[in-house]
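Source file: upload-v2.cif; contents: mmCIF, C-alpha atoms.
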```cif
data_entry
loop_
_atom_site.label_atom_id
_atom_site.label_comp_id
_atom_site.auth_asym_id
_atom_site.auth_seq_id
_atom_site.Cartn_x
_atom_site.Cartn_y
_atom_site.Cartn_z
CA MET Y 1 -5.02 28.91 -41.33
CA SER Y 2 -5.66 29.18 -37.59
CA MET Y 3 -7.25 26.30 -35.80
CA ARG Y 4 -10.09 26.94 -33.41
CA THR Y 5 -11.01 24.81 -30.44
CA TRP Y 6 -14.62 24.30 -29.47
CA ASN Y 7 -15.67 22.92 -26.11
CA LEU Y 8 -18.85 21.23 -25.03
CA GLU Y 9 -19.63 21.84 -21.36
CA ILE Y 10 -22.37 19.90 -19.60
CA THR Y 11 -23.32 21.28 -16.18
CA PRO Y 12 -24.46 19.53 -14.09
CA VAL Y 13 -23.59 16.14 -15.54
CA GLU Y 14 -26.23 13.44 -15.14
CA ALA Y 15 -26.16 9.72 -15.89
CA SER Y 16 -28.48 10.31 -18.87
CA ASP Y 17 -25.75 12.46 -20.50
CA ALA Y 18 -23.66 9.36 -21.24
CA GLY Y 19 -23.42 8.34 -24.86
CA LEU Y 20 -21.94 9.18 -28.23
CA TYR Y 21 -21.34 12.83 -29.12
CA GLU Y 22 -20.52 14.15 -32.57
CA CYS Y 23 -18.58 17.30 -33.30
CA ARG Y 24 -19.28 18.35 -36.88
CA ILE Y 25 -16.87 20.69 -38.60
CA ALA Y 26 -18.39 22.82 -41.37
CA THR Y 27 -15.97 22.03 -44.14
CA HIS Y 28 -16.54 20.60 -47.56
CA PRO Y 29 -16.88 17.66 -47.26
CA THR Y 30 -18.15 17.78 -43.66
CA THR Y 31 -15.72 16.38 -41.08
CA SER Y 32 -16.92 14.73 -37.89
CA ASN Y 33 -15.21 13.74 -34.66
CA PHE Y 34 -16.97 11.30 -32.36
CA VAL Y 35 -16.48 11.09 -28.62
CA HIS Y 36 -18.05 8.52 -26.28
CA LEU Y 37 -18.86 10.04 -22.88
CA LYS Y 38 -18.97 7.67 -19.92
CA VAL Y 39 -20.57 9.06 -16.77
CA THR Y 40 -19.73 7.51 -13.43
CA GLU Y 41 -21.61 8.53 -10.32
CA ALA Y 42 -19.48 9.52 -7.36
CA ARG Y 43 -20.58 7.68 -4.24
CA ALA Y 44 -19.67 7.20 -0.63
CA GLU Y 45 -19.01 3.82 1.01
CA ILE Y 46 -18.75 3.19 4.75
CA LEU Y 47 -16.34 0.37 5.54
CA GLY Y 48 -17.98 -2.55 7.33
CA SER Y 49 -21.49 -1.77 6.09
CA PRO Y 50 -24.31 -2.68 6.11
CA ASP Y 51 -24.05 -3.71 9.81
CA LEU Y 52 -21.42 -3.19 12.49
CA TYR Y 53 -21.55 -4.79 15.97
CA ILE Y 54 -19.60 -3.29 18.87
CA MET Y 55 -19.70 -3.60 22.65
CA SER Y 56 -20.96 -0.83 24.90
CA GLY Y 57 -18.06 1.18 26.32
CA SER Y 58 -15.83 0.66 23.30
CA SER Y 59 -14.83 3.37 20.83
CA LEU Y 60 -16.36 3.70 17.38
CA ARG Y 61 -14.52 4.67 14.20
CA LEU Y 62 -16.45 4.86 10.96
CA VAL Y 63 -14.55 5.37 7.71
CA CYS Y 64 -16.43 6.80 4.74
CA ARG Y 65 -14.55 6.34 1.45
CA LEU Y 66 -15.35 8.82 -1.31
CA GLN Y 67 -15.26 7.01 -4.64
CA GLY Y 68 -15.43 8.24 -8.21
CA SER Y 69 -15.27 11.91 -7.32
CA THR Y 70 -13.38 14.25 -9.62
CA GLN Y 71 -12.90 16.80 -6.86
CA ALA Y 72 -12.81 16.74 -3.08
CA PRO Y 73 -16.11 17.69 -1.44
CA LEU Y 74 -16.22 20.98 0.44
CA PHE Y 75 -17.94 19.25 3.36
CA VAL Y 76 -19.01 15.85 4.66
CA PHE Y 77 -21.90 15.69 7.12
CA TRP Y 78 -22.40 12.71 9.43
CA TYR Y 79 -25.87 11.85 10.71
CA HIS Y 80 -27.07 9.55 13.50
CA SER Y 81 -30.62 8.73 12.43
CA ASP Y 82 -31.81 12.12 11.12
CA ARG Y 83 -29.61 14.29 13.36
CA MET Y 84 -26.37 15.86 12.10
CA ILE Y 85 -23.62 15.05 14.62
CA ASN Y 86 -20.46 16.67 13.18
CA PHE Y 87 -20.30 19.20 16.00
CA ASP Y 88 -21.17 16.99 19.01
CA THR Y 89 -17.84 17.78 20.66
CA ASP Y 90 -19.29 17.55 24.18
CA ARG Y 91 -19.15 13.75 23.78
CA GLY Y 92 -15.63 13.88 22.35
CA LEU Y 93 -16.85 13.16 18.83
CA VAL Y 94 -14.30 14.05 16.12
CA VAL Y 95 -14.72 14.21 12.32
CA HIS Y 96 -11.73 14.20 9.96
CA ILE Y 97 -12.09 14.97 6.25
CA ASN Y 98 -9.61 14.72 3.39
CA SER Y 99 -9.95 14.35 -0.38
CA THR Y 100 -10.61 10.58 -0.33
CA GLU Y 101 -12.36 9.82 2.98
CA SER Y 102 -13.97 11.07 6.14
CA ASP Y 103 -13.61 9.50 9.59
CA LEU Y 104 -16.12 9.72 12.43
CA ILE Y 105 -14.52 8.92 15.79
CA MET Y 106 -16.53 8.43 18.99
CA PRO Y 107 -14.26 7.63 21.97
CA TYR Y 108 -16.95 5.95 24.08
CA THR Y 109 -20.25 4.31 23.09
CA ASN Y 110 -23.36 3.16 24.88
CA THR Y 111 -26.51 1.41 23.69
CA SER Y 112 -28.19 4.75 22.82
CA ASP Y 113 -25.54 5.13 20.08
CA SER Y 114 -27.11 2.21 18.18
CA GLY Y 115 -28.83 3.08 14.91
CA ASN Y 116 -28.20 4.27 11.38
CA TYR Y 117 -25.16 6.43 10.65
CA THR Y 118 -25.02 8.25 7.31
CA CYS Y 119 -22.04 9.84 5.61
CA GLN Y 120 -23.33 12.66 3.34
CA PRO Y 121 -20.58 14.32 1.27
CA GLN Y 122 -21.30 17.36 -0.86
CA ASN Y 123 -22.38 16.34 -4.41
CA ILE Y 124 -21.76 12.63 -3.75
CA ALA Y 125 -24.33 9.87 -3.18
CA PRO Y 126 -24.47 9.12 0.59
CA ALA Y 127 -23.77 5.86 2.42
CA THR Y 128 -25.38 4.38 5.53
CA ILE Y 129 -24.34 1.78 8.09
CA HIS Y 130 -26.37 0.31 10.94
CA VAL Y 131 -24.37 0.24 14.17
CA HIS Y 132 -25.46 -2.19 16.87
CA VAL Y 133 -24.03 -1.29 20.28
CA LEU Y 134 -24.41 -4.39 22.43
CA GLN Y 135 -24.72 -4.25 26.20
CA SER Y 136 -21.46 -5.60 27.57
CA GLU Y 137 -21.81 -8.78 29.53
CA VAL Y 138 -19.23 -10.20 31.88
CA PRO Y 139 -19.29 -14.01 31.98
CA ALA Y 140 -19.84 -15.41 35.49
CA ALA Y 141 -16.36 -16.94 35.64
CA MET Y 142 -14.79 -13.50 35.05
CA GLN Y 143 -16.68 -11.72 37.83
CA HIS Y 144 -14.68 -11.02 40.98
CA GLY Y 145 -15.86 -12.56 44.24
CA VAL Y 146 -18.37 -14.88 42.58
CA ARG Y 147 -17.78 -18.59 42.60
CA SER Y 148 -19.51 -20.99 40.28
CA SER Y 149 -21.29 -23.89 41.95
CA THR Y 150 -20.09 -26.19 39.18
CA SER Y 151 -16.38 -26.84 39.47
CA GLY Y 152 -14.32 -25.43 36.61
CA SER Y 153 -17.21 -24.59 34.30
CA PHE Y 154 -19.14 -21.45 33.44
CA ALA Y 155 -21.88 -20.38 31.08
CA ILE Y 156 -21.38 -17.77 28.38
CA SER Y 157 -24.41 -16.19 26.77
CA ASN Y 158 -24.85 -16.54 23.02
CA CYS Y 159 -24.27 -12.80 22.63
CA ALA Y 160 -20.96 -12.87 24.50
CA MET Y 161 -19.80 -15.95 22.57
CA PHE Y 162 -20.71 -14.29 19.26
CA THR Y 163 -18.77 -11.19 20.29
CA ILE Y 164 -15.67 -13.19 21.23
CA ILE Y 165 -15.76 -15.09 17.92
CA TYR Y 166 -16.31 -11.85 16.00
CA ILE Y 167 -13.33 -10.14 17.69
CA LEU Y 168 -11.09 -13.14 16.98
CA LEU Y 169 -12.11 -13.16 13.31
CA GLN Y 170 -11.38 -9.43 13.06
CA MET Y 171 -7.92 -9.99 14.52
CA LEU Y 172 -7.21 -12.75 11.99
CA SER Y 173 -8.28 -10.76 8.93
#
```

Mind converting the file's structure to structure tokens?
Amino acid sequence: MSMRTWNLEITPVEASDAGLYECRIATHPTTSNFVHLKVTEARAEILGSPDLYIMSGSSLRLVCRLQGSTQAPLFVFWYHSDRMINFDTDRGLVVHINSTESDLIMPYTNTSDSGNYTCQPQNIAPATIHVHVLQSEVPAAMQHGVRSSTSGSFAISNCAMFTIIYILLQMLS
């Protein structure tokens, strides 16, 4: 007696397709095979989200990890606000894509680069990060040709102090 194989194909798969499935074989007595289908949604995740703080003039590298995908996406689009930026090569912007992640690299940033960045892979739930490009500030004691009227002391703005602490913490982790 030859054995036949029957397949159940669900296209496209949705979260509501999860559950118990029964394959009934028309024999006497009836034979059943049960299969539990678990559906996991593929999603993107941008490292460092939801917020990233960088200084004006520094480079920006965003890494979008593709998780739970059964196949590599054919494309990954990057957006700044609502504008697709994959091909903004005049600013030196580069996008790398492989089967598990996509990198967005911007060699130089300014405050106009602040805003939401979205990684939108094909057939995968997107991810967004809010990038804050801070105006670089040079503390008074570090400026050339300027002498502080108070001997040996200088004032650092809260923003500059936060940035220094943040960079030190990043170096330690």

Step by step, work through what the PyMOL selection byres ((chain Y and resi 50-61) around 9) selects in the shown file, and finish by giving those residues as a CSV table (one decimal) with C-alpha atoms, keeping the file's coordinate frame.
```
chain,number,residue,atom,x,y,z
Y,46,ILE,CA,-18.8,3.2,4.8
Y,47,LEU,CA,-16.3,0.4,5.5
Y,48,GLY,CA,-18.0,-2.6,7.3
Y,49,SER,CA,-21.5,-1.8,6.1
Y,62,LEU,CA,-16.4,4.9,11.0
Y,63,VAL,CA,-14.6,5.4,7.7
Y,103,ASP,CA,-13.6,9.5,9.6
Y,104,LEU,CA,-16.1,9.7,12.4
Y,105,ILE,CA,-14.5,8.9,15.8
Y,106,MET,CA,-16.5,8.4,19.0
Y,107,PRO,CA,-14.3,7.6,22.0
Y,108,TYR,CA,-17.0,6.0,24.1
Y,109,THR,CA,-20.2,4.3,23.1
Y,110,ASN,CA,-23.4,3.2,24.9
Y,111,THR,CA,-26.5,1.4,23.7
Y,113,ASP,CA,-25.5,5.1,20.1
Y,128,THR,CA,-25.4,4.4,5.5
Y,129,ILE,CA,-24.3,1.8,8.1
Y,130,HIS,CA,-26.4,0.3,10.9
Y,131,VAL,CA,-24.4,0.2,14.2
Y,132,HIS,CA,-25.5,-2.2,16.9
Y,133,VAL,CA,-24.0,-1.3,20.3
Y,134,LEU,CA,-24.4,-4.4,22.4
Y,135,GLN,CA,-24.7,-4.2,26.2
Y,136,SER,CA,-21.5,-5.6,27.6
Y,137,GLU,CA,-21.8,-8.8,29.5
Y,163,THR,CA,-18.8,-11.2,20.3
Y,166,TYR,CA,-16.3,-11.8,16.0
```

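Once the PyMOL selection byres ((chain Y and resi 119) around 7) is applied to the depicted file, the selected set reads Cys64, Val76, Phe77, Trp78, Tyr79, Tyr117, Thr118, Gln120, Pro121, Pro126, Ala127 and Thr128 of chain Y.
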
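Between atom CA of Y:Phe34 and atom CA of Y:Asp17 there is a distance of 14.8 Å.
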
Quiz item: Which value, in Å to one decimal, gives the distance between atom CA of Y:Leu37 and atom CA of Y:Asn7?
Solution: 13.7 Å

Identify, on the basis of all atoms listed in the file, every residue whose closest approach to Y:Gln71 does not exceed 10 Å; exclude the query and any residue fewer than 4 positions from it along the same chain; express the result as a PDB file with C-alpha atoms, in the coordinates of the input.
```pdb
ATOM      1  CA  ALA Y  42     -19.480   9.520  -7.360  1.00  0.00           C
ATOM      2  CA  SER Y  99      -9.950  14.350  -0.380  1.00  0.00           C
ATOM      3  CA  THR Y 100     -10.610  10.580  -0.330  1.00  0.00           C
ATOM      4  CA  ASN Y 123     -22.380  16.340  -4.410  1.00  0.00           C
TER       5      ASN Y 123
END
```

Exercise. Using atom CA of Y:Leu74 and atom CA of Y:Ser114 as the two end points, give the distance in Å to one decimal.
Key: 28.0 Å

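If you count only C-alpha atoms and ignore residues fewer than 3 places along the chain from Y:His80, what sits within 8 Å of it is Arg83, Met84, Ile85, Gly115, Asn116, Tyr117 and Thr118 of chain Y.
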
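Comparing Y:Arg91, Y:Arg43, Y:His28, Y:Lys38 by their smallest distance to Y:Ala15, the closest is Y:Lys38 (using only C-alpha atoms).
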